[in-house]
$ cat input25.txt   # compact mmCIF, C-alpha atoms
# COMPACT_ATOMS: atom_id res chain seq x y z
CA MET F 29 21.62 -5.91 1.28
CA ILE F 30 17.91 -5.52 0.66
CA SER F 31 16.36 -7.51 -2.16
CA ILE F 32 12.91 -7.07 -3.68
CA ARG F 33 11.00 -10.11 -4.89
CA LYS F 34 7.47 -11.34 -5.45
CA ALA F 35 5.79 -12.45 -2.25
CA THR F 36 4.93 -16.07 -1.58
CA ALA F 37 2.51 -17.69 0.86
CA ALA F 38 5.48 -18.27 3.17
CA ASP F 39 5.78 -14.47 3.59
CA LEU F 40 2.23 -13.92 4.82
CA GLN F 41 2.98 -14.07 8.56
CA SER F 42 5.64 -11.39 8.17
CA ILE F 43 3.33 -9.31 5.98
CA LEU F 44 0.61 -9.69 8.62
CA ASP F 45 2.97 -8.61 11.40
CA ILE F 46 3.96 -5.47 9.49
CA TYR F 47 0.36 -4.65 8.61
CA ASN F 48 -0.93 -5.16 12.15
CA ASP F 49 1.80 -2.91 13.54
CA ILE F 50 0.74 -0.24 11.02
CA ILE F 51 -2.89 -0.63 12.19
CA GLN F 52 -1.98 -0.39 15.87
CA ASN F 53 0.55 2.41 15.73
CA THR F 54 -0.03 4.64 12.70
CA THR F 55 -2.72 6.42 10.75
CA ALA F 56 -1.48 4.98 7.45
CA VAL F 57 -4.32 2.44 7.54
CA PHE F 58 -7.83 3.41 8.55
CA HIS F 59 -8.55 0.03 10.21
CA TYR F 60 -9.03 -0.30 13.95
CA ASP F 61 -9.08 -4.10 14.25
CA LEU F 62 -6.06 -6.31 13.75
CA GLN F 63 -6.07 -8.73 10.84
CA THR F 64 -5.71 -12.50 11.16
CA LEU F 65 -3.48 -14.82 9.21
CA GLN F 66 -6.57 -16.26 7.54
CA MET F 67 -7.56 -12.77 6.39
CA ARG F 68 -4.08 -12.26 4.91
CA LYS F 69 -4.30 -15.62 3.14
CA GLU F 70 -7.63 -14.60 1.59
CA TRP F 71 -6.19 -11.20 0.66
CA PHE F 72 -3.19 -12.84 -1.02
CA ALA F 73 -5.38 -15.34 -2.88
CA GLN F 74 -7.54 -12.47 -4.15
CA LYS F 75 -4.46 -10.55 -5.33
CA GLN F 76 -3.30 -13.63 -7.23
CA LYS F 77 -6.75 -14.23 -8.72
CA GLU F 78 -6.94 -10.62 -9.96
CA GLY F 79 -3.37 -10.69 -11.29
CA PHE F 80 -2.18 -7.95 -8.93
CA PRO F 81 1.39 -8.07 -7.61
CA VAL F 82 2.63 -8.30 -4.05
CA PHE F 83 6.31 -7.56 -3.53
CA VAL F 84 8.40 -7.98 -0.39
CA ALA F 85 11.64 -6.38 0.69
CA GLU F 86 13.93 -8.90 2.32
CA GLU F 87 17.10 -8.32 4.32
CA ASN F 88 19.02 -11.19 5.93
CA ASN F 89 16.00 -13.52 5.50
CA ASP F 90 13.74 -10.99 7.26
CA ILE F 91 10.79 -9.37 5.50
CA VAL F 92 11.16 -5.63 6.16
CA GLY F 93 8.39 -4.30 3.92
CA PHE F 94 5.81 -5.07 1.27
CA SER F 95 3.98 -3.34 -1.54
CA THR F 96 1.02 -4.04 -3.76
CA PHE F 97 -1.70 -2.45 -5.79
CA GLY F 98 -5.30 -3.30 -6.34
CA GLN F 99 -8.52 -2.19 -7.85
CA PHE F 100 -9.27 1.48 -7.17
CA ARG F 101 -13.05 1.06 -7.32
CA ALA F 102 -15.19 -1.92 -8.23
CA TRP F 103 -16.97 -0.44 -11.27
CA GLN F 104 -15.89 -1.56 -14.75
CA ALA F 105 -14.91 1.87 -16.01
CA TYR F 106 -12.17 1.99 -13.34
CA GLN F 107 -10.48 -1.18 -14.64
CA TYR F 108 -7.38 0.73 -15.78
CA THR F 109 -6.90 2.53 -12.46
CA VAL F 110 -5.21 0.98 -9.43
CA GLU F 111 -4.41 2.13 -5.90
CA ASN F 112 -1.04 1.35 -4.40
CA SER F 113 0.06 0.40 -0.89
CA VAL F 114 3.60 0.41 0.48
CA TYR F 115 4.38 -0.58 4.08
CA VAL F 116 7.70 -0.83 5.90
CA LYS F 117 8.40 -2.60 9.17
CA ALA F 118 8.78 -0.47 12.31
CA GLY F 119 12.44 0.23 12.98
CA GLN F 120 13.26 -0.05 9.27
CA ARG F 121 11.60 3.14 8.04
CA GLY F 122 13.73 5.95 6.63
CA LYS F 123 16.23 3.55 5.03
CA GLY F 124 14.90 3.76 1.47
CA ILE F 125 13.01 0.47 1.60
CA ALA F 126 9.73 2.03 0.46
CA LYS F 127 11.55 3.53 -2.51
CA LEU F 128 12.83 0.08 -3.48
CA LEU F 129 9.29 -1.32 -3.22
CA MET F 130 7.67 1.42 -5.31
CA GLN F 131 9.45 1.02 -8.65
CA PRO F 132 8.38 -2.62 -9.22
CA LEU F 133 4.77 -1.55 -8.67
CA ILE F 134 5.01 1.15 -11.31
CA ASP F 135 6.85 -1.12 -13.73
CA THR F 136 4.27 -3.87 -13.29
CA ALA F 137 1.35 -1.48 -13.73
CA ARG F 138 2.87 -0.20 -16.96
CA ALA F 139 3.48 -3.77 -18.19
CA MET F 140 -0.19 -4.50 -17.48
CA ASN F 141 -1.16 -1.50 -19.65
CA LEU F 142 -2.84 0.26 -16.76
CA HIS F 143 -3.54 3.97 -17.17
CA THR F 144 -3.09 5.55 -13.75
CA MET F 145 -2.06 4.75 -10.17
CA ILE F 146 -3.65 6.41 -7.17
CA ALA F 147 -2.23 6.77 -3.66
CA GLY F 148 -4.47 7.62 -0.71
CA ILE F 149 -2.25 9.11 2.00
CA THR F 150 -3.05 10.61 5.37
CA ALA F 151 -2.28 14.32 5.04
CA ASP F 152 0.19 14.30 7.93
CA ASN F 153 2.26 11.44 6.46
CA GLU F 154 4.99 13.67 5.05
CA ALA F 155 7.35 10.77 4.34
CA SER F 156 4.83 8.96 2.13
CA ILE F 157 3.88 12.14 0.32
CA ALA F 158 7.56 12.86 -0.37
CA LEU F 159 8.12 9.28 -1.54
CA HIS F 160 5.27 9.47 -4.03
CA LYS F 161 6.44 12.87 -5.32
CA GLN F 162 9.87 11.32 -6.05
CA PHE F 163 8.12 8.94 -8.45
CA GLY F 164 6.13 11.65 -10.20
CA PHE F 165 2.84 11.42 -8.31
CA VAL F 166 0.99 14.73 -8.01
CA GLU F 167 -1.56 15.71 -5.41
CA THR F 168 -5.02 15.85 -6.93
CA THR F 169 -7.25 16.49 -3.91
CA CYS F 170 -7.51 16.56 -0.14
CA LEU F 171 -10.60 15.20 1.53
CA LYS F 172 -11.01 16.88 4.91
CA GLU F 173 -11.69 14.87 8.07
CA VAL F 174 -12.80 11.67 6.35
CA GLY F 175 -11.12 9.31 8.83
CA TYR F 176 -11.16 9.15 12.62
CA LYS F 177 -8.40 7.33 14.49
CA PHE F 178 -6.50 7.86 17.73
CA ASP F 179 -9.06 10.45 18.86
CA LYS F 180 -8.50 12.79 15.93
CA TRP F 181 -9.96 13.54 12.52
CA LEU F 182 -7.75 12.70 9.57
CA ASP F 183 -7.51 14.34 6.16
CA LEU F 184 -6.86 12.08 3.18
CA ILE F 185 -4.75 13.24 0.25
CA PHE F 186 -5.09 11.58 -3.13
CA MET F 187 -2.02 11.55 -5.32
CA GLN F 188 -1.95 10.30 -8.90
CA LEU F 189 0.64 9.02 -11.35
CA MET F 190 -0.26 8.80 -15.02
CA LEU F 191 1.36 5.65 -16.27
$ encode --input "input25.txt" --output "structure tokens"
Amino acid sequence: MISIRKATAADLQSILDIYNDIIQNTTAVFHYDLQTLQMRKEWFAQKQKEGFPVFVAEENNDIVGFSTFGQFRAWQAYQYTVENSVYVKAGQRGKGIAKLLMQPLIDTARAMNLHTMIAGITADNEASIALHKQFGFVETTCLKEVGYKFDKWLDLIFMQLML
């Protein structure tokens, strides 16, 4: 049984492990360098300070995924727009965990009276695109060859959900 709950500081090592695997092995994150636990602690503290949620999916006391949203852009006029992130542990993908992590993000954004949620997704990430479509996100644009990772240029799709 997979449960979804708010993340705590005790979850940060597991969150870090998932995120670093994503960095090393996928194009879902445009980072090259692995993160440190201190970086994740600072990230979590900033999320808390800004009032943004971090959720974890837990199965048998193992964190198998996490989700969050944050500021889309730093300018004041964007204050009602957020960008989401949903990550699932290697070996656990395709089991519906991302779907379980998405709804609490949308519910929280609506409760915060936010206006829209953005998802930036690598164009070849068909699973993430399909996930977002299930929740009503629509593709708004595709930016060609804006990222470079694993010796190839990557297109970035923006999808949007009006809350």
$ closest_atom_pairs --input "input25.txt" --of "region 85-156 of chain F" --to "region 49-68 of chain F" --cutoff "8 Å" --atoms "all atoms listed in the file" --output "CSV"
residue,atom,partner,partner_atom,distance
F:Tyr115,CA,F:Ile50,CA,7.8
F:Lys117,CA,F:Asp49,CA,7.9
F:Ala118,CA,F:Asp49,CA,7.5
F:Ile149,CA,F:Ala56,CA,6.9
F:Thr150,CA,F:Ala56,CA,6.2
F:Asn153,CA,F:Ala56,CA,7.5
$ write_last_selection --input "input25.txt" --atoms "C-alpha atoms" --output "PDB file, in the coordinates of the input"
ATOM      1  CA  TYR F 115       4.380  -0.580   4.080  1.00  0.00           C
ATOM      2  CA  LYS F 117       8.400  -2.600   9.170  1.00  0.00           C
ATOM      3  CA  ALA F 118       8.780  -0.470  12.310  1.00  0.00           C
ATOM      4  CA  ILE F 149      -2.250   9.110   2.000  1.00  0.00           C
ATOM      5  CA  THR F 150      -3.050  10.610   5.370  1.00  0.00           C
ATOM      6  CA  ASN F 153       2.260  11.440   6.460  1.00  0.00           C
TER       7      ASN F 153
END
$ atom_distance --input "input25.txt" --atom1 "CA of Lys180 (chain F)" --atom2 "CA of Ala102 (chain F)"
29.1 Å
$ atom_distance --input "input25.txt" --atom1 "CA of Gln162 (chain F)" --atom2 "CA of Lys75 (chain F)"
26.2 Å
$ closest_residue --input "input25.txt" --among "F:Gly93, F:Val116, F:Ala37, F:Leu191" --to "Lys69 (chain F)" --atoms "all atoms listed in the file"
F:Ala37
$ residues_around --input "input25.txt" --residues "Asn141 (chain F)" --least-positions-apart "4" --cutoff "9 Å" --atoms "all atoms listed in the file" --output "VMD selection string"
chain F and resid 108 136 to 137 191
$ closest_residue --input "input25.txt" --among "F:Ile30, F:Ala73, F:Gly122, F:Ile134" --to "Thr96 (chain F)" --atoms "all atoms listed in the file"
F:Ile134
$ residues_around --input "input25.txt" --residues "Phe100 (chain F)" --least-positions-apart "3" --cutoff "12 Å" --atoms "all atoms listed in the file" --output "PyMOL selection string"
chain F and resi 80+97+103-113+142-148+186+188
$ closest_residue --input "input25.txt" --among "F:Leu44, F:Leu189, F:Ala158, F:Val92" --to "Leu133 (chain F)" --atoms "only C-alpha atoms"
F:Leu189
$ axis_aligned_box --input "input25.txt" --around "region 180-189 of chain F" --padding-each-side "3 Å" --output "AutoDock Vina command-line options"
--center_x -4.7 --center_y 11.7 --center_z 2.3 --size_x 16.6 --size_y 11.3 --size_z 33.3
$ atom_distance --input "input25.txt" --atom1 "CA of Gly175 (chain F)" --atom2 "CA of Ala151 (chain F)"
10.8 Å
$ closest_residue --input "input25.txt" --among "F:Asp39, F:Asp152, F:Asp183, F:Glu167" --to "Phe72 (chain F)" --atoms "all atoms listed in the file"
F:Asp39
$ residues_near_point --input "input25.txt" --point "(7.2, -13.4, -0.3)" --cutoff "8 Å" --atoms "only C-alpha atoms" --output "PyMOL selection string"
chain F and resi 33-40+82-84+91
$ residues_around --input "input25.txt" --residues "Leu128 (chain F)" --least-positions-apart "6" --cutoff "9 Å" --atoms "all atoms listed in the file" --output "PyMOL selection string"
chain F and resi 30-32+85
$ decode --input "input25.txt" --residues "region 54-89 of chain F" --atoms "N, CA and C atoms" --output "CSV table (one decimal), in the first residue's frame"
chain,number,residue,atom,x,y,z
F,54,THR,N,18.6,10.3,-16.2
F,54,THR,CA,17.5,10.7,-17.1
F,54,THR,C,17.7,12.1,-17.6
F,55,THR,N,16.8,12.5,-18.5
F,55,THR,CA,16.8,13.9,-18.9
F,55,THR,C,15.7,14.7,-18.3
F,56,ALA,N,15.1,14.2,-17.2
F,56,ALA,CA,14.0,14.8,-16.6
F,56,ALA,C,14.4,16.1,-15.8
F,57,VAL,N,15.7,16.1,-15.5
F,57,VAL,CA,16.3,17.3,-14.8
F,57,VAL,C,17.5,17.7,-15.6
F,58,PHE,N,17.6,19.0,-15.8
F,58,PHE,CA,18.7,19.5,-16.7
F,58,PHE,C,20.0,19.8,-15.9
F,59,HIS,N,20.1,19.2,-14.7
F,59,HIS,CA,21.4,19.3,-13.9
F,59,HIS,C,22.4,18.3,-14.4
F,60,TYR,N,23.7,18.6,-14.3
F,60,TYR,CA,24.7,17.6,-14.5
F,60,TYR,C,25.3,17.1,-13.2
F,61,ASP,N,25.4,18.0,-12.2
F,61,ASP,CA,26.1,17.7,-11.0
F,61,ASP,C,25.1,17.2,-9.9
F,62,LEU,N,25.6,16.1,-9.2
F,62,LEU,CA,24.8,15.6,-8.1
F,62,LEU,C,24.6,16.6,-7.0
F,63,GLN,N,23.5,16.5,-6.3
F,63,GLN,CA,23.2,17.4,-5.2
F,63,GLN,C,23.7,16.8,-3.9
F,64,THR,N,23.9,17.6,-2.9
F,64,THR,CA,24.4,17.1,-1.6
F,64,THR,C,23.2,17.1,-0.6
F,65,LEU,N,23.4,16.5,0.5
F,65,LEU,CA,22.3,16.5,1.5
F,65,LEU,C,22.1,17.9,2.0
F,66,GLN,N,23.2,18.7,2.1
F,66,GLN,CA,23.1,20.1,2.6
F,66,GLN,C,22.2,20.9,1.6
F,67,MET,N,22.4,20.7,0.3
F,67,MET,CA,21.6,21.4,-0.7
F,67,MET,C,20.2,21.0,-0.6
F,68,ARG,N,19.9,19.7,-0.3
F,68,ARG,CA,18.5,19.3,-0.1
F,68,ARG,C,17.9,19.9,1.1
F,69,LYS,N,18.7,20.1,2.2
F,69,LYS,CA,18.2,20.7,3.4
F,69,LYS,C,17.8,22.2,3.1
F,70,GLU,N,18.7,22.8,2.4
F,70,GLU,CA,18.4,24.2,2.1
F,70,GLU,C,17.2,24.4,1.2
F,71,TRP,N,17.1,23.5,0.2
F,71,TRP,CA,15.9,23.4,-0.7
F,71,TRP,C,14.6,23.2,0.1
F,72,PHE,N,14.6,22.3,1.1
F,72,PHE,CA,13.5,22.0,1.9
F,72,PHE,C,13.1,23.2,2.8
F,73,ALA,N,14.1,23.8,3.4
F,73,ALA,CA,13.9,25.0,4.2
F,73,ALA,C,13.3,26.1,3.4
F,74,GLN,N,13.7,26.3,2.2
F,74,GLN,CA,13.2,27.3,1.3
F,74,GLN,C,11.7,27.0,0.9
F,75,LYS,N,11.4,25.8,0.6
F,75,LYS,CA,10.0,25.4,0.4
F,75,LYS,C,9.2,25.7,1.5
F,76,GLN,N,9.6,25.4,2.8
F,76,GLN,CA,8.8,25.7,3.9
F,76,GLN,C,8.7,27.2,4.1
F,77,LYS,N,9.7,27.9,3.9
F,77,LYS,CA,9.7,29.4,4.1
F,77,LYS,C,8.6,30.0,3.2
F,78,GLU,N,8.6,29.5,1.9
F,78,GLU,CA,7.7,30.1,0.9
F,78,GLU,C,6.3,29.5,1.0
F,79,GLY,N,6.1,28.5,1.9
F,79,GLY,CA,4.8,27.9,2.0
F,79,GLY,C,4.4,26.9,0.9
F,80,PHE,N,5.4,26.4,0.2
F,80,PHE,CA,5.2,25.4,-0.9
F,80,PHE,C,5.3,24.0,-0.3
F,81,PRO,N,4.4,23.1,-0.8
F,81,PRO,CA,4.4,21.8,-0.3
F,81,PRO,C,5.5,20.9,-0.9
F,82,VAL,N,5.8,19.9,-0.1
F,82,VAL,CA,6.6,18.7,-0.6
F,82,VAL,C,5.9,17.5,-0.1
F,83,PHE,N,5.5,16.6,-1.0
F,83,PHE,CA,4.8,15.4,-0.6
F,83,PHE,C,5.8,14.2,-0.9
F,84,VAL,N,5.6,13.1,-0.2
F,84,VAL,CA,6.3,11.9,-0.5
F,84,VAL,C,5.3,10.8,-0.6
F,85,ALA,N,5.7,9.8,-1.4
F,85,ALA,CA,5.0,8.5,-1.5
F,85,ALA,C,5.8,7.5,-0.7
F,86,GLU,N,5.1,6.8,0.1
F,86,GLU,CA,5.8,5.9,1.0
F,86,GLU,C,5.2,4.5,0.9
F,87,GLU,N,6.0,3.5,0.7
F,87,GLU,CA,5.5,2.1,0.7
F,87,GLU,C,6.4,1.3,1.6
F,88,ASN,N,5.9,0.6,2.6
F,88,ASN,CA,6.6,-0.2,3.5
F,88,ASN,C,7.8,0.5,4.1
F,89,ASN,N,7.6,1.7,4.5
F,89,ASN,CA,8.6,2.6,5.2
F,89,ASN,C,9.7,3.0,4.2
